[in-house]
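Following: one structure in structure tokens, then a few remarks.
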Amino acid sequence: MLDLKYIREHTEAVRKAIVSKRVQLDLDALLAQDRTVTELRTRVEALQAERNANAKAVPKAAKEEKGALIEKGKALSEELKGLEPSLRAAEEVLRDFLLRVPNVPLPSVPEGADDSDNVELRREGTIPAFDFSPLDQVELLEKNGWADFERVARVSGSRSYLLKGDAALLEQAILFFAMTYLAGKNLTPLSTTALIRPETLVNSGHFPGDEESVYYLPADDLMLAGTAEVPINSLYAGEILPLEQLPLAFAGLSAAFRREAGSAGRDVRGLIRVHEFRKVEQYVMCEPQDGMQWFDTLLANAEGILRALELPYRVVQNSTGDMGAGKLLMYDIETWVPSEGMYRETHSCSYLGDWQARRTGLRYRDADGKVQFVHTLNNTGIASPRILVPFLENHQQADGSVRIPAALQPFMGGKTSIGG
RNA sequence: GGAGAGGUGGGUGAGUGGCUUAAACCACAGUCCUGCUAAGACUGCGUACGCAAGUACCGAGGGUUCAAAUCCCUCCCUCUCCGCCA
């Protein structure tokens, strides 16, 4: 959410953001609604002031004047009963508008329609050159008895996964390694819920807009989060944090659920795109002036994890059309998948400015005692099982076994390789 | 799932219809006084919108009333005891 004052004063910048982010929104209708609300509010508040003054006068009035005052109060109350609902309805409409206004991207963000206009910033690590015919993720899993896609589909439907044996341990090892790594970078480890109230998704900025990708449990009016960003963002909702508490930086491990409604038929095979997975998410609430530095830190943390896992990757900057409404700046990390001969998105680093904090009511008292919104950022730490795809494929050996990088070996009981 | 208690400003907490549209204390900030790791005096001190007057907010939403933190209804949450349970 943007500040209404900002929208009034920087209308053209907002208009440009709406166009470049491909958002459906009539900004002029929003501004007209803003004027309607202001007019209504002025009238309602004047009436309320009159009602309050009148009510205050009643007990002090002489007996013979009381009747008249009460009659006047009744009339005022009647009039307000007509107007107040209109004001509330008008404010509601305005809020619906405001929730759809995207954040204005930083000037450095490349203009673009979608992910094909993202800009590669750099490549890191070495793409493996195999002197044998490498297997793909599914072949490796099946050869080693590490998965059972057919049977788990019987239990949980398509886009499910089940890991067995060393692969099941590997998943836990990678998640725990990532948690340990981020704890070492002074992020507070968090084991958090995926079960969330619907309003937390409005807070995070996923709603309105992303309703169809979220699981809903009507019996309890709860939803399943697609990322720990959602529960962590709402953890301090409505609070005014003392300056000493900032920054709040977390590494949150949670289950993650996505309906994948818009991606029917894409990546149905294997571990790339599943409905239920596990993810370590980095999440930061900080003072505005520290936001950019945190962006670099979160990116460096993710890269540090990939480097430790000895995986080749590239960093791309997302174009305006591929950014998501709330984002000021966004980089994806894509990790090399040998069987596809391409990089696949495994991490996503976002700087939201105060856009998310405004929705959630995340504020702090600055050094001058002024109440301000914090800035929020998030980046993947590691997400499994997707990360297993490049992991298994890049580290496979001629006999079908998979090499365990040195950094991970302590988390795998000292094993240097599995399977084969 | 059953029974009960409760949700008030940064904290404690008063307040069962109008002299409280939130007392008091603590914490915090400023000024003054005091020769010294102390004590005291005074003032200020929630958030949002508004130039201001003002308006709204006492878990959320409705209702009754000239007037609601206070009465009524629905919901949410917390705590205690019992039951069930990984």
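If you're wondering about the labels, chains in the structure tokens are A, B, ... by order shown, residues count from 1 in each chain, ligands from 1 in order shown.
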
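Interface residues on chain B toward chain A (cut-off 6 Å, only C-alpha atoms (C1' of nucleotides)): U55, C66 and A67 of chain B.
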
Output all heavy atoms for every residue in the selection just made, as a short mmCIF file (atom, residue, chain, number, x, y, z; two decimals), in the first residue's frame.
data_model
loop_
_atom_site.label_atom_id
_atom_site.label_comp_id
_atom_site.auth_asym_id
_atom_site.auth_seq_id
_atom_site.Cartn_x
_atom_site.Cartn_y
_atom_site.Cartn_z
P U B 55 -15.43 16.55 18.48
OP1 U B 55 -16.86 16.51 18.85
OP2 U B 55 -14.39 16.39 19.51
"O5'" U B 55 -15.18 15.45 17.36
"C5'" U B 55 -16.06 15.34 16.24
"C4'" U B 55 -15.56 14.29 15.29
"O4'" U B 55 -14.28 14.69 14.74
"C3'" U B 55 -15.26 12.95 15.93
"O3'" U B 55 -16.42 12.18 16.15
"C2'" U B 55 -14.32 12.32 14.91
"O2'" U B 55 -15.03 11.88 13.77
"C1'" U B 55 -13.48 13.55 14.50
N1 U B 55 -12.24 13.64 15.31
C2 U B 55 -11.16 12.89 14.90
O2 U B 55 -11.20 12.16 13.93
N3 U B 55 -10.04 13.01 15.66
C4 U B 55 -9.89 13.80 16.79
O4 U B 55 -8.80 13.81 17.38
C5 U B 55 -11.05 14.55 17.15
C6 U B 55 -12.17 14.44 16.42
P C B 66 -33.28 8.46 21.91
OP1 C B 66 -34.47 9.16 22.42
OP2 C B 66 -33.30 7.74 20.63
"O5'" C B 66 -32.08 9.51 21.86
"C5'" C B 66 -31.95 10.39 20.75
"C4'" C B 66 -30.87 11.40 21.05
"O4'" C B 66 -31.28 12.23 22.17
"C3'" C B 66 -29.55 10.80 21.51
"O3'" C B 66 -28.76 10.40 20.42
"C2'" C B 66 -28.93 11.97 22.27
"O2'" C B 66 -28.38 12.94 21.40
"C1'" C B 66 -30.16 12.56 22.96
N1 C B 66 -30.36 12.00 24.32
C2 C B 66 -29.50 12.41 25.34
O2 C B 66 -28.59 13.20 25.08
N3 C B 66 -29.68 11.93 26.58
C4 C B 66 -30.67 11.06 26.83
N4 C B 66 -30.81 10.61 28.07
C5 C B 66 -31.56 10.63 25.80
C6 C B 66 -31.38 11.13 24.57
P A B 67 -27.99 9.03 20.47
OP1 A B 67 -27.26 8.88 19.18
OP2 A B 67 -28.93 7.99 20.90
"O5'" A B 67 -26.91 9.26 21.62
"C5'" A B 67 -25.85 10.17 21.40
"C4'" A B 67 -25.02 10.29 22.66
"O4'" A B 67 -25.86 10.79 23.74
"C3'" A B 67 -24.48 8.99 23.21
"O3'" A B 67 -23.29 8.62 22.55
"C2'" A B 67 -24.25 9.33 24.67
"O2'" A B 67 -23.05 10.07 24.84
"C1'" A B 67 -25.44 10.24 24.96
N9 A B 67 -26.56 9.51 25.56
C8 A B 67 -27.70 9.06 24.94
N7 A B 67 -28.54 8.44 25.74
C5 A B 67 -27.89 8.49 26.97
C6 A B 67 -28.26 8.02 28.24
N6 A B 67 -29.40 7.37 28.50
N1 A B 67 -27.40 8.22 29.26
C2 A B 67 -26.25 8.88 29.01
N3 A B 67 -25.80 9.37 27.85
C4 A B 67 -26.68 9.15 26.87
#

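Using only C-alpha atoms (C1' of nucleotides), the residues found no farther than 12 Å from G4 of chain B, other than those of its own chain fewer than 2 positions away, are G2, G6, C79, U80, C81 and C82 of chain B.
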
- Work out how far atom CA of Gly226 of chain A is from atom CA of Gly262 of chain A, in Å to one decimal.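 Distance reported for this atom pair: 14.4 Å.
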
- Query: Could you pull the residues within 12 Å of U78 of chain B, counting only C-alpha atoms (C1' of nucleotides), minus those fewer than 3 positions along the same chain, as a PyMOL selection string?
  - Reply: chain B and resi 5-7+59

- Message: From a backbone DSSP assignment, name each residue in segment 142-249 of chain A labelled alpha helix (DSSP H), as a PyMOL selection string.
- Response: chain A and resi 142-143+149-156+166-184+198-204+229-234

- Near-Ala90 of chain A list (10 Å; only C-alpha atoms (C1' of nucleotides); drop same-chain fewer than 6 positions) as a PyMOL selection string: chain A and resi 33-34+36-38+40-41+84+96

For the residues selected in the previous step, produce a file with C-alpha atoms as a PDB file, in the first residue's frame.
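Below is the file that was written, result27.pdb:
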ATOM      1  CA  GLN A  33     -13.106   8.217  -4.766  1.00  0.00           C
ATOM      2  CA  ASP A  34     -10.565   9.958  -2.547  1.00  0.00           C
ATOM      3  CA  THR A  36     -15.738  11.644  -2.376  1.00  0.00           C
ATOM      4  CA  VAL A  37     -14.453  10.245   0.912  1.00  0.00           C
ATOM      5  CA  THR A  38     -12.985  13.582   1.991  1.00  0.00           C
ATOM      6  CA  LEU A  40     -18.330  12.819   3.129  1.00  0.00           C
ATOM      7  CA  ARG A  41     -15.945  12.740   6.055  1.00  0.00           C
ATOM      8  CA  GLU A  84     -22.202   7.150   8.370  1.00  0.00           C
ATOM      9  CA  ASP A  96      -9.991  -1.658  -2.128  1.00  0.00           C
TER      10      ASP A  96
END

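As for atom CA of Glu287 of chain A and atom CA of Asp368 of chain A, they are spaced 13.2 Å apart.
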
Could you give me, as a short mmCIF file (atom, residue, chain, number, x, y, z; two decimals) with N, CA and C atoms, in the first residue's frame, the residues within 8 Å of Met330 of chain A, counting only C-alpha atoms (C1' of nucleotides) and dropping anything in the same chain fewer than 4 positions from it?
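File produced: result.cif:
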data_model
loop_
_atom_site.label_atom_id
_atom_site.label_comp_id
_atom_site.auth_asym_id
_atom_site.auth_seq_id
_atom_site.Cartn_x
_atom_site.Cartn_y
_atom_site.Cartn_z
N GLN A 317 18.14 -9.72 -12.67
CA GLN A 317 17.28 -8.66 -12.15
C GLN A 317 15.94 -8.72 -12.86
N ASN A 318 14.86 -8.78 -12.08
CA ASN A 318 13.53 -8.90 -12.65
C ASN A 318 13.10 -7.58 -13.25
N MET A 323 7.62 -8.39 -11.61
CA MET A 323 8.06 -8.02 -10.26
C MET A 323 7.09 -8.29 -9.13
N SER A 348 14.32 -15.98 -4.67
CA SER A 348 13.75 -14.73 -5.11
C SER A 348 13.92 -13.70 -3.99
N CYS A 349 14.63 -12.63 -4.32
CA CYS A 349 15.00 -11.63 -3.32
C CYS A 349 14.25 -10.34 -3.59
N SER A 350 13.49 -9.86 -2.60
CA SER A 350 12.64 -8.71 -2.84
C SER A 350 12.78 -7.64 -1.76
N TYR A 351 12.74 -6.40 -2.23
CA TYR A 351 12.73 -5.24 -1.34
C TYR A 351 11.40 -4.53 -1.53
#

- Find the residues around Pro107 of chain A up to 12 Å (only C-alpha atoms (C1' of nucleotides) counted), leave out those fewer than 2 positions away in its own chain, and share them as JSON, numbers by chain. {"A": [13, 16, 17, 20, 104, 105, 109, 110, 111, 319, 320, 328, 329]}

- Judged by only C-alpha atoms, the minimum distance to Gln396 of chain A among A:Val93, A:Ala129, A:Ala383, A:Leu99 is found for A:Ala129

- Query: Which polymer residues have any atom within 7 Å of an atom of segment 387-393 of chain A, counting only C-alpha atoms (C1' of nucleotides), with same-chain residues fewer than 4 positions away left out, as a ChimeraX atom specification?
  - Reply: /A:136-137,271-272,311,335-338,346,383,402

- Which one is closest to Leu4 of chain A: A:Leu222, A:Val101, A:Tyr215, A:Ala256? Count only C-alpha atoms. A:Val101

- Provide the atom CA of Glu345 of chain A to atom CA of Tyr313 of chain A distance in Å, to one decimal place.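 Computed distance, atom CA of Glu345 of chain A to atom CA of Tyr313 of chain A, equals 9.3 Å.
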
Strand (DSSP E) residues, from DSSP on the backbone, in segment 110-311 of chain A, as a short mmCIF file (atom, residue, chain, number, x, y, z; two decimals) with all heavy atoms, in the first residue's frame:
data_model
loop_
_atom_site.label_atom_id
_atom_site.label_comp_id
_atom_site.auth_asym_id
_atom_site.auth_seq_id
_atom_site.Cartn_x
_atom_site.Cartn_y
_atom_site.Cartn_z
N VAL A 119 17.05 -9.20 -16.65
CA VAL A 119 18.41 -8.93 -17.08
C VAL A 119 19.40 -9.77 -16.25
O VAL A 119 19.41 -9.69 -15.03
CB VAL A 119 18.74 -7.43 -16.92
CG1 VAL A 119 20.21 -7.17 -17.24
CG2 VAL A 119 17.83 -6.59 -17.79
N GLU A 120 20.22 -10.54 -16.94
CA GLU A 120 21.22 -11.34 -16.22
C GLU A 120 22.31 -10.42 -15.70
O GLU A 120 22.88 -9.62 -16.44
CB GLU A 120 21.81 -12.39 -17.16
CG GLU A 120 22.87 -13.24 -16.47
CD GLU A 120 23.44 -14.32 -17.39
OE1 GLU A 120 22.69 -15.26 -17.70
OE2 GLU A 120 24.60 -14.19 -17.79
N LEU A 121 22.62 -10.53 -14.42
CA LEU A 121 23.64 -9.66 -13.83
C LEU A 121 24.99 -10.37 -13.82
O LEU A 121 26.03 -9.78 -14.09
CB LEU A 121 23.25 -9.27 -12.41
CG LEU A 121 21.95 -8.44 -12.30
CD1 LEU A 121 21.66 -8.12 -10.84
CD2 LEU A 121 22.05 -7.14 -13.10
N ARG A 122 25.00 -11.66 -13.46
CA ARG A 122 26.26 -12.39 -13.45
C ARG A 122 26.02 -13.87 -13.30
O ARG A 122 24.94 -14.28 -12.87
CB ARG A 122 27.18 -11.88 -12.34
CG ARG A 122 26.59 -11.91 -10.96
CD ARG A 122 27.32 -10.94 -10.03
NE ARG A 122 26.50 -10.62 -8.90
CZ ARG A 122 26.31 -11.41 -7.86
NH1 ARG A 122 26.91 -12.58 -7.80
NH2 ARG A 122 25.51 -11.05 -6.88
N ARG A 123 27.05 -14.66 -13.64
CA ARG A 123 27.00 -16.11 -13.46
C ARG A 123 28.08 -16.51 -12.49
O ARG A 123 29.17 -15.96 -12.52
CB ARG A 123 27.25 -16.83 -14.80
CG ARG A 123 26.21 -16.47 -15.83
CD ARG A 123 26.42 -17.25 -17.12
NE ARG A 123 25.33 -16.93 -18.04
CZ ARG A 123 24.92 -17.70 -19.03
NH1 ARG A 123 25.53 -18.86 -19.25
NH2 ARG A 123 23.93 -17.33 -19.80
N GLU A 124 27.77 -17.46 -11.63
CA GLU A 124 28.73 -17.90 -10.62
C GLU A 124 28.82 -19.43 -10.66
O GLU A 124 27.85 -20.11 -11.00
CB GLU A 124 28.29 -17.46 -9.22
CG GLU A 124 28.03 -15.97 -9.05
CD GLU A 124 29.30 -15.12 -9.05
OE1 GLU A 124 30.41 -15.69 -8.90
OE2 GLU A 124 29.19 -13.89 -9.22
N THR A 188 17.66 -14.62 13.14
CA THR A 188 17.07 -15.42 14.21
C THR A 188 16.31 -16.60 13.61
O THR A 188 15.39 -16.39 12.83
CB THR A 188 16.09 -14.57 15.03
OG1 THR A 188 16.80 -13.43 15.52
CG2 THR A 188 15.50 -15.36 16.19
N PRO A 189 16.71 -17.82 13.96
CA PRO A 189 15.99 -18.98 13.41
C PRO A 189 14.56 -19.03 13.95
O PRO A 189 14.33 -18.75 15.12
CB PRO A 189 16.80 -20.18 13.93
CG PRO A 189 18.11 -19.61 14.36
CD PRO A 189 17.84 -18.22 14.80
N LEU A 190 13.67 -19.40 13.06
CA LEU A 190 12.25 -19.44 13.41
C LEU A 190 11.67 -20.70 12.79
O LEU A 190 11.89 -20.97 11.62
CB LEU A 190 11.58 -18.23 12.76
CG LEU A 190 10.66 -17.31 13.51
CD1 LEU A 190 11.26 -16.83 14.82
CD2 LEU A 190 10.35 -16.11 12.64
N SER A 191 10.94 -21.45 13.60
CA SER A 191 10.17 -22.56 13.05
C SER A 191 8.74 -22.12 13.09
O SER A 191 8.20 -21.90 14.17
CB SER A 191 10.38 -23.80 13.91
OG SER A 191 9.51 -24.83 13.48
N LEU A 195 -0.26 -22.51 8.59
CA LEU A 195 -1.70 -22.26 8.77
C LEU A 195 -1.87 -20.81 9.17
O LEU A 195 -1.35 -20.36 10.18
CB LEU A 195 -2.18 -23.18 9.89
CG LEU A 195 -3.60 -23.73 9.88
CD1 LEU A 195 -3.98 -24.33 8.55
CD2 LEU A 195 -3.75 -24.75 10.99
N ILE A 196 -2.62 -20.07 8.36
CA ILE A 196 -2.67 -18.62 8.57
C ILE A 196 -4.09 -18.09 8.38
O ILE A 196 -4.90 -18.68 7.66
CB ILE A 196 -1.76 -17.89 7.56
CG1 ILE A 196 -2.03 -18.44 6.16
CG2 ILE A 196 -0.30 -18.05 7.95
CD1 ILE A 196 -1.49 -17.59 5.06
N TYR A 215 -4.50 -22.39 -0.82
CA TYR A 215 -5.44 -23.37 -0.26
C TYR A 215 -6.24 -22.73 0.85
O TYR A 215 -5.71 -21.98 1.66
CB TYR A 215 -4.68 -24.57 0.32
CG TYR A 215 -4.11 -25.50 -0.73
CD1 TYR A 215 -2.77 -25.44 -1.08
CD2 TYR A 215 -4.92 -26.44 -1.35
CE1 TYR A 215 -2.24 -26.30 -2.03
CE2 TYR A 215 -4.41 -27.31 -2.30
CZ TYR A 215 -3.07 -27.23 -2.65
OH TYR A 215 -2.55 -28.07 -3.59
N TYR A 216 -7.53 -23.09 0.91
CA TYR A 216 -8.44 -22.51 1.90
C TYR A 216 -9.15 -23.63 2.65
O TYR A 216 -9.62 -24.59 2.05
CB TYR A 216 -9.46 -21.63 1.19
CG TYR A 216 -10.50 -21.03 2.11
CD1 TYR A 216 -10.10 -20.34 3.25
CD2 TYR A 216 -11.85 -21.16 1.85
CE1 TYR A 216 -11.04 -19.79 4.11
CE2 TYR A 216 -12.80 -20.61 2.70
CZ TYR A 216 -12.39 -19.93 3.83
OH TYR A 216 -13.33 -19.39 4.67
N LEU A 217 -9.20 -23.49 3.97
CA LEU A 217 -9.88 -24.47 4.83
C LEU A 217 -11.14 -23.84 5.41
O LEU A 217 -11.09 -23.21 6.47
CB LEU A 217 -8.94 -24.88 5.97
CG LEU A 217 -7.84 -25.92 5.71
CD1 LEU A 217 -7.12 -25.72 4.40
CD2 LEU A 217 -6.86 -25.95 6.86
N LEU A 222 -9.29 -20.71 7.64
CA LEU A 222 -7.84 -20.55 7.65
C LEU A 222 -7.29 -20.93 6.27
O LEU A 222 -7.96 -21.60 5.49
CB LEU A 222 -7.21 -21.45 8.71
CG LEU A 222 -7.47 -21.02 10.17
CD1 LEU A 222 -7.02 -22.11 11.13
CD2 LEU A 222 -6.77 -19.70 10.49
N MET A 223 -6.09 -20.47 6.01
CA MET A 223 -5.44 -20.75 4.73
C MET A 223 -4.06 -21.33 4.96
O MET A 223 -3.55 -21.32 6.08
CB MET A 223 -5.36 -19.47 3.91
CG MET A 223 -6.74 -18.96 3.54
SD MET A 223 -6.69 -17.52 2.49
CE MET A 223 -8.35 -17.60 1.80
N LEU A 224 -3.48 -21.85 3.88
CA LEU A 224 -2.14 -22.41 3.96
C LEU A 224 -1.18 -21.49 3.23
O LEU A 224 -1.36 -21.19 2.05
CB LEU A 224 -2.13 -23.81 3.34
CG LEU A 224 -3.00 -24.84 4.06
CD1 LEU A 224 -3.04 -26.16 3.29
CD2 LEU A 224 -2.47 -25.09 5.48
N ILE A 240 4.01 -0.84 17.40
CA ILE A 240 5.00 0.22 17.20
C ILE A 240 6.25 -0.26 17.92
O ILE A 240 6.28 -0.31 19.16
CB ILE A 240 4.50 1.56 17.76
CG1 ILE A 240 3.25 2.01 17.01
CG2 ILE A 240 5.61 2.62 17.65
CD1 ILE A 240 2.60 3.26 17.57
N LEU A 241 7.25 -0.62 17.16
CA LEU A 241 8.44 -1.24 17.75
C LEU A 241 9.40 -0.17 18.25
O LEU A 241 9.58 0.86 17.60
CB LEU A 241 9.15 -2.10 16.71
CG LEU A 241 8.31 -3.25 16.14
CD1 LEU A 241 8.89 -3.76 14.83
CD2 LEU A 241 8.21 -4.38 17.14
N PRO A 242 10.00 -0.41 19.42
CA PRO A 242 11.05 0.51 19.86
C PRO A 242 12.28 0.36 18.96
O PRO A 242 12.55 -0.74 18.47
CB PRO A 242 11.36 0.06 21.28
CG PRO A 242 10.81 -1.31 21.41
CD PRO A 242 9.75 -1.49 20.37
N LEU A 248 14.78 -6.50 12.81
CA LEU A 248 14.34 -7.87 13.08
C LEU A 248 14.66 -8.68 11.82
O LEU A 248 14.18 -8.36 10.74
CB LEU A 248 12.83 -7.90 13.36
CG LEU A 248 12.40 -7.33 14.70
CD1 LEU A 248 10.89 -7.10 14.72
CD2 LEU A 248 12.81 -8.26 15.84
N ALA A 249 15.52 -9.66 11.99
CA ALA A 249 15.94 -10.46 10.83
C ALA A 249 15.77 -11.93 11.17
O ALA A 249 16.32 -12.41 12.17
CB ALA A 249 17.40 -10.15 10.49
N PHE A 250 14.99 -12.63 10.36
CA PHE A 250 14.63 -14.02 10.66
C PHE A 250 15.01 -14.97 9.54
O PHE A 250 15.02 -14.61 8.37
CB PHE A 250 13.12 -14.14 10.88
CG PHE A 250 12.60 -13.33 12.03
CD1 PHE A 250 11.82 -12.21 11.81
CD2 PHE A 250 12.89 -13.69 13.34
CE1 PHE A 250 11.34 -11.46 12.88
CE2 PHE A 250 12.42 -12.95 14.41
CZ PHE A 250 11.64 -11.83 14.18
N ALA A 251 15.30 -16.21 9.94
CA ALA A 251 15.37 -17.33 9.01
C ALA A 251 14.25 -18.27 9.42
O ALA A 251 14.35 -18.96 10.42
CB ALA A 251 16.72 -18.02 9.10
N GLY A 252 13.17 -18.26 8.66
CA GLY A 252 11.97 -19.01 9.05
C GLY A 252 11.80 -20.28 8.24
O GLY A 252 11.74 -20.24 7.01
N LEU A 253 11.72 -21.39 8.96
CA LEU A 253 11.48 -22.68 8.30
C LEU A 253 10.01 -23.02 8.43
O LEU A 253 9.46 -23.01 9.52
CB LEU A 253 12.33 -23.77 8.96
CG LEU A 253 12.03 -25.22 8.55
CD1 LEU A 253 12.33 -25.44 7.08
CD2 LEU A 253 12.84 -26.19 9.40
N SER A 254 9.36 -23.33 7.30
CA SER A 254 7.96 -23.73 7.36
C SER A 254 7.62 -24.63 6.19
O SER A 254 8.36 -24.70 5.21
CB SER A 254 7.04 -22.51 7.32
OG SER A 254 6.95 -22.00 6.00
N ALA A 255 6.48 -25.29 6.31
CA ALA A 255 5.88 -25.94 5.15
C ALA A 255 5.34 -24.84 4.25
O ALA A 255 5.05 -23.74 4.72
CB ALA A 255 4.77 -26.88 5.58
N ALA A 256 5.21 -25.12 2.97
CA ALA A 256 4.71 -24.13 2.04
C ALA A 256 3.77 -24.82 1.07
O ALA A 256 4.05 -25.93 0.60
CB ALA A 256 5.87 -23.47 1.29
N PHE A 257 2.63 -24.18 0.82
CA PHE A 257 1.59 -24.81 0.00
C PHE A 257 1.18 -23.89 -1.15
O PHE A 257 0.91 -22.71 -0.94
CB PHE A 257 0.36 -25.09 0.86
CG PHE A 257 0.62 -26.06 1.99
CD1 PHE A 257 1.10 -25.60 3.20
CD2 PHE A 257 0.38 -27.41 1.83
CE1 PHE A 257 1.34 -26.48 4.25
CE2 PHE A 257 0.61 -28.30 2.87
CZ PHE A 257 1.10 -27.84 4.08
N GLU A 276 3.12 -29.00 -2.11
CA GLU A 276 3.52 -28.88 -0.71
C GLU A 276 5.03 -29.05 -0.64
O GLU A 276 5.57 -30.06 -1.13
CB GLU A 276 2.84 -29.96 0.13
CG GLU A 276 3.32 -29.98 1.57
CD GLU A 276 2.65 -31.06 2.41
OE1 GLU A 276 1.73 -31.74 1.91
OE2 GLU A 276 3.06 -31.22 3.57
N PHE A 277 5.70 -28.07 -0.05
CA PHE A 277 7.16 -28.20 0.06
C PHE A 277 7.64 -27.55 1.35
O PHE A 277 6.83 -27.16 2.19
CB PHE A 277 7.85 -27.62 -1.18
CG PHE A 277 7.52 -26.18 -1.49
CD1 PHE A 277 8.41 -25.15 -1.18
CD2 PHE A 277 6.32 -25.83 -2.10
CE1 PHE A 277 8.11 -23.83 -1.48
CE2 PHE A 277 6.01 -24.51 -2.40
CZ PHE A 277 6.92 -23.51 -2.09
N ARG A 278 8.93 -27.50 1.51
CA ARG A 278 9.51 -26.94 2.74
C ARG A 278 10.48 -25.84 2.36
O ARG A 278 11.20 -25.99 1.36
CB ARG A 278 10.29 -28.02 3.51
CG ARG A 278 9.38 -28.85 4.38
CD ARG A 278 9.64 -30.32 4.19
NE ARG A 278 8.42 -30.89 3.61
CZ ARG A 278 7.83 -32.00 4.01
NH1 ARG A 278 8.38 -32.75 4.90
NH2 ARG A 278 6.71 -32.39 3.48
N LYS A 279 10.51 -24.82 3.13
CA LYS A 279 11.32 -23.69 2.70
C LYS A 279 11.86 -22.93 3.91
O LYS A 279 11.18 -22.74 4.91
CB LYS A 279 10.48 -22.74 1.83
CG LYS A 279 11.25 -21.56 1.27
CD LYS A 279 10.64 -21.05 -0.02
CE LYS A 279 9.30 -20.39 0.19
NZ LYS A 279 9.44 -19.04 0.77
N VAL A 280 13.10 -22.50 3.76
CA VAL A 280 13.70 -21.59 4.73
C VAL A 280 13.67 -20.20 4.09
O VAL A 280 14.24 -20.00 3.01
CB VAL A 280 15.16 -21.98 5.06
CG1 VAL A 280 15.78 -20.94 6.00
CG2 VAL A 280 15.21 -23.36 5.69
N GLU A 281 12.99 -19.29 4.73
CA GLU A 281 12.82 -17.95 4.16
C GLU A 281 13.55 -16.93 5.02
O GLU A 281 13.45 -16.96 6.25
CB GLU A 281 11.32 -17.62 4.11
CG GLU A 281 10.98 -16.28 3.53
CD GLU A 281 11.04 -16.25 2.01
OE1 GLU A 281 11.41 -17.27 1.39
OE2 GLU A 281 10.74 -15.19 1.43
N GLN A 282 14.25 -16.03 4.37
CA GLN A 282 14.86 -14.91 5.09
C GLN A 282 13.86 -13.75 5.09
O GLN A 282 13.29 -13.45 4.04
CB GLN A 282 16.14 -14.45 4.40
CG GLN A 282 17.16 -15.56 4.12
CD GLN A 282 18.41 -15.00 3.46
OE1 GLN A 282 19.16 -14.24 4.06
NE2 GLN A 282 18.62 -15.36 2.21
N TYR A 283 13.68 -13.13 6.23
CA TYR A 283 12.73 -12.02 6.30
C TYR A 283 13.27 -10.93 7.23
O TYR A 283 13.71 -11.23 8.33
CB TYR A 283 11.36 -12.51 6.80
CG TYR A 283 10.30 -11.45 6.64
CD1 TYR A 283 9.56 -11.37 5.47
CD2 TYR A 283 10.06 -10.52 7.63
CE1 TYR A 283 8.60 -10.39 5.29
CE2 TYR A 283 9.11 -9.52 7.47
CZ TYR A 283 8.38 -9.46 6.30
OH TYR A 283 7.45 -8.47 6.12
N VAL A 284 13.20 -9.69 6.78
CA VAL A 284 13.79 -8.59 7.54
C VAL A 284 12.83 -7.40 7.66
O VAL A 284 12.16 -7.03 6.70
CB VAL A 284 15.10 -8.10 6.86
CG1 VAL A 284 15.58 -6.79 7.48
CG2 VAL A 284 16.18 -9.16 6.97
N MET A 285 12.75 -6.86 8.88
CA MET A 285 12.09 -5.57 9.09
C MET A 285 13.18 -4.62 9.60
O MET A 285 13.84 -4.92 10.60
CB MET A 285 11.01 -5.68 10.16
CG MET A 285 9.99 -6.78 9.88
SD MET A 285 8.81 -6.98 11.24
CE MET A 285 8.34 -8.71 10.99
N CYS A 286 13.36 -3.49 8.91
CA CYS A 286 14.48 -2.62 9.28
C CYS A 286 14.11 -1.15 9.09
O CYS A 286 13.04 -0.83 8.57
CB CYS A 286 15.71 -2.96 8.44
SG CYS A 286 15.51 -2.55 6.69
#
